[in-house]
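J.: The structure follows.
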Amino acid sequence: MEGWPIPLGQTLITYLAFTAIIIGRYFLIVWPIHWALWSRPAEKVKARRLSKREPTRETIRNEIKLSTISAFIYAAPAAIVLEMWKAGGTAMYAGVPQGVSGWAWVFVSAFIYLFAQDTWFYFTHRIMHHRKLFKWTHEGHHRSVQPTPWASFSFDAIEAVSAAWLLPVMALFIPIHVGTALALLMIMTINAVFNHAGWEVYPERWIKGWWGRHIITASHHNLHHTKFKGNYGLYFRFWDKMCGTDKGLV
């Protein structure tokens, strides 16, 4: 197979670099958002508060610990695929897209990746809520009954493993521009942080309009944390509506 085997020494260096980047990105993005929402007087926050109580230090410590562990897990498949790409063994590509079809694929591929991740997340998330699996796969995340931005990647190890491989494996077979992949990583990060913020940061007219009917925001996901059932989706409300698990908005 082209791109395989990959140099183990270089892959280890790439893995450690990715781990540091993921952890660094986590703190650089989460800290200012958490400060803006939770460290200022409520009257200065231009958002609607969802959480009923102030986050505790214990909750935040747990969120940071699990998120840091998750960074080490997420970095592994990413590092392997990057080294395979450098060796010509993936479907990732670089350069300026050519023509209308080339630019169109940039956006089509982004949607394919987002929808595939949303689908995988919905069904695995729902399975992990089974009473025989919950304790081992998803309980750590739900220690944040009222989540904070720090909870955005606070996954148990099994949950992190189940999610970390999907997009890198897709990149082996489904063409995606490197710039699109980087943009998706930023979208995923911002989406996760805002959905766990404990505040609804989007304008009320968005929540009550098309956006709120189809896209998941904190108003939708916060109910999942407080009620523990329903609202299992990641980006879209599609699967929740199709499967009868949509519990509406806060």
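Numbering starts fresh at 1 for the residues of each chain in the structure tokens, the chains themselves are lettered A, B, ... in the order given, and ligands are numbered from 1 as they appear.
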Within 7 Å of A:Ser51, counting only C-alpha atoms, which residues show up once you throw out same-chain ones fewer than 5 positions away? Write them as a list in words, please.

T.: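 The residues satisfying every condition are Gln146, Gly198 and Trp199 of chain A.
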
J.: Would you list the contacts of stretch 107-111 of chain A as a list in words, taking every protein, DNA or RNA residue within 10 Å and counting only C-alpha atoms, but skipping same-chain residues closer than 5 positions in sequence?

T.: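 Near neighbours after the sequence-gap exclusion: Ser101, Gly102, Ala116, Gln117, Ile174, Pro175, Ile176, His177, Thr180, Ala181, Ala183 and Leu184 of chain A.
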
J.: What is the atom CA of A:Lys132-atom CA of A:Val161 distance in Å, reported with one decimal?

T.: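 Rounded to one decimal, the two atoms are 18.5 Å apart.
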
J.: Once DSSP has gone over the backbone, tell me which residues of stretch 97-221 of chain A are in strand (DSSP E or B), as JSON, numbers by chain.

T.: {"A": [176, 177, 199, 200, 215]}

J.: Which neighbours of A:Thr56 fall inside 10 Å, counting only C-alpha atoms, when residues of the same chain fewer than 3 positions from it are skipped, and could you give them as a PyMOL selection string?

T.: chain A and resi 53+59-61+144+146+148

J.: Quick one: distance from atom CA of A:Asn222 to atom CA of A:Gly244 in Å, one decimal?

T.: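 Atom CA of A:Asn222 sits 17.8 Å away from atom CA of A:Gly244.
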
J.: Write out as a PyMOL selection string the residues lying within 8 Å of A:Asp240, counting only C-alpha atoms and excluding same-chain residues fewer than 4 positions away.

T.: chain A and resi 122+230-233+244-246

J.: When you draw a straight line from atom CA of A:Asp156 to atom CA of A:Lys135, how long is it in Å?

T.: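 Going from atom CA of A:Asp156 over to atom CA of A:Lys135 covers 9.5 Å.
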
J.: Tell me, as a PyMOL selection string, which residues lie within 10 Å of A:Gly140, counting only C-alpha atoms; anything in the same chain fewer than 4 positions away does not count.

T.: chain A and resi 62-63+66+134-136+144+151+154-157+159

J.: Could you write out that same residue set with N, CA and C atoms as a PDB file, in the first residue's frame?

T.:
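To be explicit, this is the file written out as result03.pdb:
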ATOM      1  N   ASN A  62     -11.838  18.085  36.417  1.00  0.00           N
ATOM      2  CA  ASN A  62     -12.176  16.838  35.724  1.00  0.00           C
ATOM      3  C   ASN A  62     -12.251  17.057  34.218  1.00  0.00           C
ATOM      4  N   GLU A  63     -12.847  18.175  33.801  1.00  0.00           N
ATOM      5  CA  GLU A  63     -12.963  18.470  32.373  1.00  0.00           C
ATOM      6  C   GLU A  63     -11.589  18.633  31.735  1.00  0.00           C
ATOM      7  N   LEU A  66      -9.682  15.055  31.603  1.00  0.00           N
ATOM      8  CA  LEU A  66     -10.156  14.173  30.540  1.00  0.00           C
ATOM      9  C   LEU A  66      -9.836  14.734  29.159  1.00  0.00           C
ATOM     10  N   PHE A 134     -22.487   2.757  29.884  1.00  0.00           N
ATOM     11  CA  PHE A 134     -22.322   4.169  30.255  1.00  0.00           C
ATOM     12  C   PHE A 134     -21.145   4.387  31.203  1.00  0.00           C
ATOM     13  N   LYS A 135     -21.047   3.599  32.244  1.00  0.00           N
ATOM     14  CA  LYS A 135     -20.017   3.796  33.260  1.00  0.00           C
ATOM     15  C   LYS A 135     -18.612   3.736  32.678  1.00  0.00           C
ATOM     16  N   TRP A 136     -18.412   2.880  31.656  1.00  0.00           N
ATOM     17  CA  TRP A 136     -17.074   2.641  31.116  1.00  0.00           C
ATOM     18  C   TRP A 136     -16.758   3.533  29.922  1.00  0.00           C
ATOM     19  N   SER A 144     -20.040  16.473  34.243  1.00  0.00           N
ATOM     20  CA  SER A 144     -20.384  17.879  34.034  1.00  0.00           C
ATOM     21  C   SER A 144     -21.883  17.966  33.753  1.00  0.00           C
ATOM     22  N   ALA A 151     -15.360  21.455  29.101  1.00  0.00           N
ATOM     23  CA  ALA A 151     -15.887  20.103  28.877  1.00  0.00           C
ATOM     24  C   ALA A 151     -15.917  19.713  27.410  1.00  0.00           C
ATOM     25  N   SER A 154     -13.826  16.606  27.011  1.00  0.00           N
ATOM     26  CA  SER A 154     -13.618  15.778  28.208  1.00  0.00           C
ATOM     27  C   SER A 154     -14.292  14.418  28.030  1.00  0.00           C
ATOM     28  N   PHE A 155     -13.599  13.531  27.324  1.00  0.00           N
ATOM     29  CA  PHE A 155     -14.132  12.208  27.019  1.00  0.00           C
ATOM     30  C   PHE A 155     -13.400  11.130  27.812  1.00  0.00           C
ATOM     31  N   ASP A 156     -14.119  10.073  28.168  1.00  0.00           N
ATOM     32  CA  ASP A 156     -13.463   8.872  28.660  1.00  0.00           C
ATOM     33  C   ASP A 156     -12.612   8.293  27.526  1.00  0.00           C
ATOM     34  N   ALA A 157     -11.598   7.524  27.872  1.00  0.00           N
ATOM     35  CA  ALA A 157     -10.655   7.025  26.867  1.00  0.00           C
ATOM     36  C   ALA A 157     -11.348   6.230  25.769  1.00  0.00           C
ATOM     37  N   GLU A 159     -14.416   6.464  24.687  1.00  0.00           N
ATOM     38  CA  GLU A 159     -15.158   7.372  23.809  1.00  0.00           C
ATOM     39  C   GLU A 159     -14.211   8.122  22.885  1.00  0.00           C
TER      40      GLU A 159
END

J.: Might you pull out every residue within 12 Å of A:Ile33, with only C-alpha atoms counted and same-chain residues fewer than 3 positions away left off, and present them as a list of chain:residue names?

T.: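 Once the nearby chain positions are removed, what remains is A:Tyr26, A:Phe27, A:Leu28, A:Ile29, A:Val30, A:Ala36, A:Leu37, A:Trp38, A:Ser39, A:Arg40, A:Val45, A:Ala47, A:Thr148, A:Pro149, A:Trp150, A:Ser152, A:Ile190, A:Ala192, A:Val193, A:Phe194, A:Asn195, A:His196, A:Ala197, A:Gly198, A:Trp199, A:Val201.
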
J.: Would you list, as an NGL selection string, the residues of stretch 2-238 of chain A that end up in alpha helix (DSSP H) under DSSP run on this structure's backbone?

T.: :A and (8-38 or 57-86 or 99-128 or 134-137 or 157-164 or 166-173 or 178-195 or 204-207 or 210-214 or 218-227 or 238)

J.: Since we have the selection now, will you write its residues out, keeping C-alpha atoms, as a tab-separated table (two decimals), in the first residue's frame?

T.:
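Result went into part_19.tsv, see below:
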chain	number	residue	atom	x	y	z
A	8	LEU	CA	8.30	5.21	13.11
A	9	GLY	CA	10.74	7.79	14.47
A	10	GLN	CA	9.25	10.63	12.45
A	11	THR	CA	5.74	9.45	13.26
A	12	LEU	CA	6.54	9.59	16.98
A	13	ILE	CA	7.84	13.14	16.61
A	14	THR	CA	4.71	14.11	14.67
A	15	TYR	CA	2.54	12.45	17.32
A	16	LEU	CA	4.16	14.39	20.15
A	17	ALA	CA	3.91	17.61	18.15
A	18	PHE	CA	0.21	17.00	17.43
A	19	THR	CA	-0.45	16.23	21.09
A	20	ALA	CA	1.17	19.52	22.11
A	21	ILE	CA	-0.74	21.41	19.41
A	22	ILE	CA	-4.10	19.90	20.43
A	23	ILE	CA	-3.52	20.68	24.11
A	24	GLY	CA	-2.25	24.17	23.28
A	25	ARG	CA	-5.20	24.87	21.00
A	26	TYR	CA	-7.58	23.65	23.70
A	27	PHE	CA	-6.25	26.11	26.28
A	28	LEU	CA	-5.84	29.01	23.83
A	29	ILE	CA	-9.47	28.72	22.68
A	30	VAL	CA	-11.24	27.58	25.84
A	31	TRP	CA	-9.59	29.86	28.40
A	32	PRO	CA	-10.68	33.23	26.85
A	33	ILE	CA	-14.19	31.94	26.16
A	34	HIS	CA	-14.53	30.62	29.70
A	35	TRP	CA	-13.22	33.93	31.06
A	36	ALA	CA	-15.60	35.98	28.89
A	37	LEU	CA	-18.62	33.96	30.04
A	38	TRP	CA	-17.88	32.95	33.62
A	57	ARG	CA	-13.26	23.82	40.57
A	58	GLU	CA	-13.74	20.06	40.85
A	59	THR	CA	-15.86	20.03	37.70
A	60	ILE	CA	-13.34	22.10	35.76
A	61	ARG	CA	-10.41	19.98	36.94
A	62	ASN	CA	-12.18	16.84	35.72
A	63	GLU	CA	-12.96	18.47	32.37
A	64	ILE	CA	-9.34	19.55	31.87
A	65	LYS	CA	-7.96	16.16	32.93
A	66	LEU	CA	-10.16	14.17	30.54
A	67	SER	CA	-9.59	16.66	27.71
A	68	THR	CA	-5.82	16.37	28.13
A	69	ILE	CA	-6.02	12.57	28.05
A	70	SER	CA	-8.19	12.80	24.95
A	71	ALA	CA	-5.54	14.95	23.24
A	72	PHE	CA	-3.03	12.08	23.48
A	73	ILE	CA	-5.60	9.74	21.90
A	74	TYR	CA	-6.73	12.07	19.10
A	75	ALA	CA	-3.14	12.83	18.12
A	76	ALA	CA	-2.25	9.22	17.25
A	77	PRO	CA	-4.41	8.58	14.14
A	78	ALA	CA	-3.85	12.17	13.00
A	79	ALA	CA	-0.08	11.72	13.13
A	80	ILE	CA	-0.22	8.39	11.27
A	81	VAL	CA	-2.37	9.81	8.48
A	82	LEU	CA	-0.21	12.92	8.15
A	83	GLU	CA	2.88	10.78	7.66
A	84	MET	CA	0.97	8.61	5.17
A	85	TRP	CA	-0.06	11.76	3.30
A	86	LYS	CA	3.55	12.92	3.12
A	99	GLY	CA	-12.18	25.18	-11.84
A	100	VAL	CA	-15.75	25.27	-10.61
A	101	SER	CA	-15.82	21.55	-9.84
A	102	GLY	CA	-12.64	21.81	-7.80
A	103	TRP	CA	-14.01	24.62	-5.66
A	104	ALA	CA	-17.43	22.95	-5.40
A	105	TRP	CA	-15.79	19.79	-4.05
A	106	VAL	CA	-14.15	21.82	-1.30
A	107	PHE	CA	-17.59	22.57	0.13
A	108	VAL	CA	-19.20	19.22	-0.77
A	109	SER	CA	-16.38	17.29	0.89
A	110	ALA	CA	-16.65	19.47	3.99
A	111	PHE	CA	-20.35	18.60	4.30
A	112	ILE	CA	-19.67	14.88	3.70
A	113	TYR	CA	-17.10	14.83	6.48
A	114	LEU	CA	-19.30	16.79	8.89
A	115	PHE	CA	-22.35	14.64	8.20
A	116	ALA	CA	-20.38	11.41	8.50
A	117	GLN	CA	-18.94	12.54	11.82
A	118	ASP	CA	-22.38	13.64	13.00
A	119	THR	CA	-23.87	10.26	12.05
A	120	TRP	CA	-21.10	8.27	13.73
A	121	PHE	CA	-21.29	10.45	16.83
A	122	TYR	CA	-25.08	10.19	17.13
A	123	PHE	CA	-25.24	6.38	17.05
A	124	THR	CA	-22.12	5.69	19.12
A	125	HIS	CA	-23.20	8.36	21.62
A	126	ARG	CA	-26.62	6.77	21.93
A	127	ILE	CA	-25.08	3.31	22.38
A	128	MET	CA	-22.77	4.62	25.10
A	134	PHE	CA	-22.32	4.17	30.25
A	135	LYS	CA	-20.02	3.80	33.26
A	136	TRP	CA	-17.07	2.64	31.12
A	137	THR	CA	-17.52	4.83	28.06
A	157	ALA	CA	-10.66	7.02	26.87
A	158	ILE	CA	-12.99	4.55	25.12
A	159	GLU	CA	-15.16	7.37	23.81
A	160	ALA	CA	-12.11	9.29	22.59
A	161	VAL	CA	-10.82	6.20	20.76
A	162	SER	CA	-14.21	5.62	19.14
A	163	ALA	CA	-14.24	9.15	17.73
A	164	ALA	CA	-10.57	9.82	16.99
A	166	LEU	CA	-13.11	8.28	11.91
A	167	LEU	CA	-11.98	11.40	10.05
A	168	PRO	CA	-8.36	10.26	9.61
A	169	VAL	CA	-9.56	6.98	8.08
A	170	MET	CA	-11.97	8.87	5.81
A	171	ALA	CA	-9.01	10.93	4.61
A	172	LEU	CA	-7.47	7.73	3.24
A	173	PHE	CA	-10.33	7.27	0.78
A	178	VAL	CA	-5.68	20.11	3.41
A	179	GLY	CA	-7.15	23.59	3.92
A	180	THR	CA	-10.64	22.09	4.23
A	181	ALA	CA	-9.37	19.60	6.80
A	182	LEU	CA	-7.83	22.40	8.88
A	183	ALA	CA	-11.02	24.46	8.61
A	184	LEU	CA	-13.08	21.47	9.80
A	185	LEU	CA	-10.82	21.05	12.82
A	186	MET	CA	-11.47	24.66	13.77
A	187	ILE	CA	-15.23	24.28	13.21
A	188	MET	CA	-15.25	21.14	15.37
A	189	THR	CA	-13.36	22.89	18.16
A	190	ILE	CA	-15.47	26.05	18.22
A	191	ASN	CA	-18.69	24.03	17.96
A	192	ALA	CA	-17.70	21.81	20.90
A	193	VAL	CA	-16.68	24.76	23.06
A	194	PHE	CA	-19.82	26.79	22.40
A	195	ASN	CA	-22.13	23.80	22.85
A	204	GLU	CA	-32.08	34.55	19.92
A	205	ARG	CA	-33.37	35.11	16.38
A	206	TRP	CA	-30.97	32.41	15.18
A	207	ILE	CA	-32.10	29.96	17.84
A	210	TRP	CA	-33.68	28.05	10.73
A	211	TRP	CA	-30.42	27.71	12.67
A	212	GLY	CA	-32.09	26.56	15.86
A	213	ARG	CA	-34.39	24.15	14.04
A	214	HIS	CA	-31.60	22.28	12.29
A	218	ALA	CA	-25.87	25.03	23.56
A	219	SER	CA	-29.66	25.45	23.87
A	220	HIS	CA	-30.05	21.94	22.45
A	221	HIS	CA	-27.02	20.20	23.94
A	222	ASN	CA	-27.40	21.60	27.45
A	223	LEU	CA	-30.62	19.61	27.80
A	224	HIS	CA	-28.66	16.45	27.07
A	225	HIS	CA	-26.42	17.14	30.04
A	226	THR	CA	-29.20	18.03	32.44
A	227	LYS	CA	-31.70	15.33	31.34
A	238	PHE	CA	-31.34	15.50	11.75
